[in-house]
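Peer 1: Pasting a structure below so you can have a look.
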Amino acid sequence: MNDKIYKAILFVTALIMPIVCGGIVYALVTDAYEAFEHFGFFKFLTSSEWSYTEGAEQYGALPFITGTLMTTLLALIFCIPFSLPVALFVGEYFKGTKIAAVLSTVTDLLAGIPSIIYGLWGFYTLRPIIMALNISPQGSGILTASLVLAIMIVPYAASLSTEFIKMVPNDLKEGAYSLGATRAEVIRKIIFPVAGSGIFSSYILAIGRALGETMTVTMLIGNTNNIPDSITSTGNSMASIIANQFGEADGLRLSSLIAIGLILFLITAVINMIGKMIIKRARIS
Amino acid sequence: MTHLKIKKRLAQDKLMLWTVCLLATLTAVPLIAILGEVFFRGYDQLTWSFFTEPTPTAYKAMKAIEAGEPIPGGIANGIIGTMIMLGMAVVFAVPIGILCGAFLAENDKNRFAKTVSFLTDLLQGTPSVIIGIITYIWVVVPMKGYSAIAGSIALFIMMLPLIIRSTEETLKILPASLKEAGLALGGNKARVMLKVQLPAAFGGIFTGVLLAISRVIGETAPLMFTALGCSLIRISIDKPISAVPLLIWEFFNDPNLQDLIWGASLFLLLFVLSLNILAKYFAKKWNQ
Amino acid sequence: MESVKTPILEFKNTCVSYTKQTMAVKYVSAAIERNTITAIMGPSGCGKSTLLRAANLMHNLYQNIQVNGEILLNGENILAMEPIDVRRRVGMVFQRPAPFPTMSIYDNVLSGFTLNGINLSKSEKDATVERCLKNVALWDEVKDVLNKKGTFLSGGQQQRLCIARALAMKPDVLLMDEPTSALDPIATKHIEELLLELQKEVTILIVTHNMGQARRISSKSMFMYLGELVEYDYTENMFTNPKDERTKAYLTGKMG
């Protein structure tokens, strides 16, 4: 086989990526078209009606966009106080030791647990606790979903942050120590500024994961189609409304669900792109 | 004055250390809690028949509950369905993924390669529920029905970017001298790739494949719209089929079958985590 | 005159070990005189950098390193003192210039204060920056670009900035670990001239690979070999009339 044929084979195989990705966008756009045409793109985004009474069908994505943003943001807030310490533990305080290896195995395993099992745990363990604490009467809702979501994204944020914290040159750290800084001061004033954009990007990518997380949220968010008015109320995310209703939907409702899928796809893609861009810059400098 | 300040700074330093240790250790709590709960609620369900019998109907389960007996049946239909779909996905995703990875490793500068690389990232970040929608539109609608084929295509699309990335990254960290030595001996590029580079990269690619499998084996959402589920043991690829995570979802939603949740979850969890540990072990061994 | 000079830094039976079996520095005793430049020479791996770093308690950052004996700063044993306190009084300049990349030139000079949580007034800050940059002969070159990042400077300038950063804390002793080995000959010459000026203000202990450098700038020299202090004498004496065979072999290029 000569080099030309070899190159051609690689090229043709690689074509699968543009075909698949192009196909995804094409299929989502064509199948979402009906909903956008019927309600108007902007109206669809801003309407909070979701009713499938025949003849008076009304679908809008706002409750689910709100639900997704709320769960993701809360999950991020809960995730930072744990993922940052994990990253400092593994990448700075106990860098290269056995105990750090144990902790990074723990987070790797957390990342490996299927989301449906997180959902079960949230439903059977966390939900009763939330109910017992009188935080919300039904136990499920935005808060419950976000708490479990936070645990799920800790490994992603932590492993990338660790990588950037480890990359801070020893020269800089020793330079700071030689001026009389404590370790806490070196971390705050040297490591965080130097690794800052990398750490930031790890949270962007964690957001990217949380946005599309389906089963856990579906099992815990309470599945109501209204705009959640507090963090303890129930709701639905874009992914969970799809998981809940896709199987039974047809016609305009199916198209509306696909339209929500398209919006979710676009938001995730943009967030991931921003994250990757910051990572690339952080790696170069 | 300065002495007092030093004491304060040292106290802050200690406080930071202990806070970091405490919070970092706390992240192990959910892992232990989840493993513990699934294990203690599920281990007594893992009998022989659990792996050999299909899911009981809701009626049968109800009867058993009324009679105070354990629910009959198991998750054999799910295990077989998972194996069939995963097998088909792996058979296609591994060679295609390796070739794409090789393409990216060999052309890192041209515009098409950059596009492919970008799209790989895009696909890897796409939520699995969207992959489910897409496969439904592409496969289920034209075939006029849910099927194992549709399910395996969804799994294939999810595995592809993972295998591409691990292949590309492994090939890129091989020493350039290896490729050059092969070419200097008169091998053409294809030969060198096949006989020198890919064998040298085997460990890394294999680890990547294991991780890709462990990542998709627990996926539920994309299978709900594609494989649908089925309570019979089926060995066909054009009909609805079950999978272990689909069964867990089914048990979760059916009050009569809830006793089966933990056995199925324990099985899935053990499988996924051992794949993870195995992959880590291979990666370590290969790195030495 | 000689007797009036009390040692500012004194090693007393100082030992440094990385593992229980092997010692990197063995029972070194030497007194360093105030306002002099003392060079530490020796082949790679002789323990000269290790000894120097011990005087700044750098070993405290790494759990496996043990230091025994005494190191006295103005008569106080620093091994029994708080590292962050010691390090403010003993400055250190490393082999590779490493200004903090997220800080401007101005902030780099003041980084010791920032890191130690000491607040200065604007005028104190300006005065310190000007004094230190003038001390290292960098003021004229950078006075218009003080807000630029330190990493934009040339290697030699960066190293001078790092010296300025250490001087800002007004240390009693300045430790330098092969500060010119990453620099070109011209930048090296600048730094050497600078050190000869600086010894009026600060006592300098410098590890160097470069015998010519030791001869040009130091008044006293140590020669270390395999962790031992073989010879410690006035530089002139050592170069003209080494007492130990090993010193002679090193100085004549038969070793390391």
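Labels for the structure tokens follow display order: chains A, B, ..., residues from 1 in each chain, ligands from 1.
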Based on only C-alpha atoms, which of the residues in chain B come within 6 Å of chain A? I want them as a tab-separated table (two decimals) with C-alpha atoms, in the first residue's frame.

Peer 2:
```tsv
chain	number	residue	atom	x	y	z
B	13	ASP	CA	-1.37	28.91	57.13
B	20	VAL	CA	-8.05	21.90	52.45
B	23	LEU	CA	-12.86	19.48	52.42
B	24	ALA	CA	-10.77	17.27	50.16
B	99	LEU	CA	-8.02	5.64	11.93
B	100	CYS	CA	-9.39	9.10	12.75
B	103	PHE	CA	-5.28	11.00	10.83
B	127	PRO	CA	-25.01	15.80	26.01
B	189	LYS	CA	3.96	5.42	6.13
B	190	ALA	CA	1.13	2.89	6.27
B	218	GLY	CA	-24.12	3.15	32.08
```

Peer 1: Please, which residues of chain A lie no more than 8 Å from chain C when the count uses only C-alpha atoms, and can they be set out as a ChimeraX atom specification?

Peer 2: /A:171-172,174-182,185-186,189-190,193-194

Peer 1: Would you list the contacts of Met23 in chain C as a list in words, taking every protein, DNA or RNA residue within 12 Å and counting only C-alpha atoms, but skipping same-chain residues closer than 5 positions in sequence?

Peer 2: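 Answer for this query is Thr14, Cys15, Val16, Ser17, Tyr18, Val28, Gly45, Cys46, Gly47, Thr50, Leu51, Ile65, Gln66, Val67, Asn68, Leu226, Gly227 and Glu228 of chain C.
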
Peer 1: If we count only C-alpha atoms and set the cut-off at 8 Å, which residues sit around range 104-107 of chain B, ignoring sequence neighbours fewer than 3 positions away in its own chain? Please answer as a list in words.

Peer 2: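 Counting only the stated atoms, we get Cys100, Gly101, Asn110, Ala113, Val116, Ser117, Glu168, Glu169, Leu171 and Lys172 of chain B.
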
Peer 1: Considering only alpha helix (DSSP H) as DSSP defines it on the backbone, what residues of range 220-249 of chain B qualify? List them as number ranges by chain.

Peer 2: B: 221-224, 244-249

Peer 1: For the structure I just gave you, how does DSSP split range 3-184 of chain C - specifically, which residues are strand (DSSP E or B)? Reply as an NGL selection string.

Peer 2: :C and (7-17 or 23-33 or 37-41 or 66-73 or 76-77 or 90-93 or 104 or 149 or 173-177)

Peer 1: With C-alpha atoms kept, could you save the residues just selected as a compact mmCIF listing (two decimals), in the first residue's frame?

Peer 2:
```txt
# COMPACT_ATOMS: atom_id res chain seq x y z
CA PRO C 7 30.70 36.68 61.86
CA ILE C 8 27.21 37.45 60.61
CA LEU C 9 26.51 33.89 59.51
CA GLU C 10 28.16 30.84 60.96
CA PHE C 11 27.85 27.16 60.09
CA LYS C 12 28.61 24.89 63.04
CA ASN C 13 28.90 21.17 62.24
CA THR C 14 26.11 21.58 59.73
CA CYS C 15 24.95 18.33 58.14
CA VAL C 16 22.27 17.88 55.48
CA SER C 17 20.90 14.48 54.51
CA MET C 23 24.73 12.88 53.79
CA ALA C 24 24.88 15.55 51.15
CA VAL C 25 26.68 17.97 53.48
CA LYS C 26 28.98 16.64 56.20
CA TYR C 27 29.90 18.58 59.34
CA VAL C 28 30.59 21.91 57.71
CA SER C 29 31.86 24.65 60.03
CA ALA C 30 32.62 28.10 58.69
CA ALA C 31 32.09 31.69 59.76
CA ILE C 32 31.08 34.30 57.19
CA GLU C 33 32.25 37.86 57.77
CA ILE C 37 31.51 38.22 49.35
CA THR C 38 32.21 34.57 50.06
CA ALA C 39 32.24 32.08 47.21
CA ILE C 40 31.43 28.38 47.53
CA MET C 41 33.07 26.26 44.83
CA GLN C 66 17.13 16.64 57.39
CA VAL C 67 19.50 19.33 58.66
CA ASN C 68 21.56 18.83 61.79
CA GLY C 69 24.13 20.92 63.61
CA GLU C 70 23.72 24.67 63.86
CA ILE C 71 23.48 27.63 61.50
CA LEU C 72 23.86 30.90 63.38
CA LEU C 73 22.61 34.23 62.12
CA GLU C 76 21.00 32.89 66.82
CA ASN C 77 20.44 29.35 65.59
CA VAL C 90 18.24 35.95 54.60
CA GLY C 91 17.47 36.69 50.98
CA MET C 92 17.97 34.23 48.16
CA VAL C 93 18.59 34.47 44.43
CA SER C 104 4.53 44.08 36.96
CA LYS C 149 5.35 42.48 33.29
CA VAL C 173 22.64 38.09 54.12
CA LEU C 174 22.03 37.45 50.43
CA LEU C 175 22.44 33.87 49.26
CA MET C 176 23.04 33.35 45.56
CA ASP C 177 22.82 29.96 43.90
```

Peer 1: Would you work out the distance separating CA of Ala80 in chain C from CA of Leu52 in chain C, expressed in Å to one decimal?

Peer 2: 17.1 Å

Peer 1: In Å, rounded to a single decimal, give me how far CA of Met16 in chain B is from CA of Arg188 in chain A.

Peer 2: 10.3 Å

Peer 1: Rounded to one decimal in Å, what is the spacing between CA of Ile133 in chain B and CA of Gly97 in chain B?

Peer 2: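 Straight-line distance from CA of Ile133 in chain B to CA of Gly97 in chain B works out to 22.2 Å.
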
Peer 1: Find the spatial neighbours of Tyr106 in chain C, counting only C-alpha atoms, within a cut-off of 10 Å - ignore same-chain residues fewer than 3 positions away - and output them as a short mmCIF file (atom, residue, chain, number, x, y, z; two decimals) with N, CA and C atoms, in the first residue's frame.

Peer 2:
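Everything below was put into part_31.cif:
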```cif
data_model
loop_
_atom_site.label_atom_id
_atom_site.label_comp_id
_atom_site.auth_asym_id
_atom_site.auth_seq_id
_atom_site.Cartn_x
_atom_site.Cartn_y
_atom_site.Cartn_z
N MET C 103 2.95 39.57 37.88
CA MET C 103 3.15 40.89 38.49
C MET C 103 3.96 41.80 37.58
N VAL C 109 9.25 43.97 42.57
CA VAL C 109 10.19 44.48 43.57
C VAL C 109 9.54 44.45 44.95
N LEU C 110 8.25 44.73 44.98
CA LEU C 110 7.54 44.81 46.26
C LEU C 110 6.94 43.48 46.69
N SER C 111 7.20 42.41 45.90
CA SER C 111 6.48 41.15 46.15
C SER C 111 6.74 40.59 47.54
N LYS C 125 6.34 52.75 48.97
CA LYS C 125 6.47 51.83 47.85
C LYS C 125 7.38 52.41 46.78
N ASP C 126 7.05 53.64 46.37
CA ASP C 126 7.83 54.28 45.31
C ASP C 126 9.30 54.36 45.69
N THR C 128 10.98 52.49 47.87
CA THR C 128 11.61 51.17 47.89
C THR C 128 11.95 50.71 46.48
N VAL C 129 10.98 50.87 45.57
CA VAL C 129 11.20 50.41 44.20
C VAL C 129 12.39 51.15 43.59
N GLU C 130 12.41 52.46 43.81
CA GLU C 130 13.50 53.24 43.21
C GLU C 130 14.85 52.84 43.83
N LEU C 133 15.83 49.20 42.63
CA LEU C 133 16.19 49.12 41.22
C LEU C 133 17.48 49.89 40.94
N VAL C 142 14.46 50.62 33.26
CA VAL C 142 13.04 50.24 33.37
C VAL C 142 12.15 51.33 33.97
N LYS C 143 12.70 52.49 34.30
CA LYS C 143 11.89 53.45 35.05
C LYS C 143 10.65 53.91 34.30
N VAL C 145 8.93 51.82 32.28
CA VAL C 145 8.05 50.67 31.97
C VAL C 145 7.76 49.87 33.24
N LEU C 146 7.66 50.56 34.36
CA LEU C 146 7.49 49.87 35.65
C LEU C 146 6.21 49.03 35.71
N ASN C 147 5.22 49.41 34.88
CA ASN C 147 3.97 48.67 34.94
C ASN C 147 3.91 47.50 33.98
N LYS C 148 5.01 47.30 33.23
CA LYS C 148 5.06 46.13 32.35
C LYS C 148 5.40 44.89 33.16
N LYS C 149 5.04 43.74 32.61
CA LYS C 149 5.35 42.48 33.29
C LYS C 149 6.87 42.24 33.31
N GLY C 150 7.36 41.71 34.41
CA GLY C 150 8.79 41.47 34.55
C GLY C 150 9.33 40.47 33.56
N LEU C 161 16.33 42.00 38.50
CA LEU C 161 15.05 42.26 39.14
C LEU C 161 14.86 41.32 40.34
N ARG C 165 14.34 42.30 44.16
CA ARG C 165 13.22 41.74 44.92
C ARG C 165 13.70 41.25 46.29
#
```

Peer 1: Extract, using only C-alpha atoms, all DNA, RNA and protein residues at most 8 Å from Ala282 in chain A, discarding same-chain residues fewer than 5 positions from it, and format them as a list of chain:residue names.

Peer 2: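 In the requested format, the answer is A:Ala195, A:Ser197, A:Gly198.
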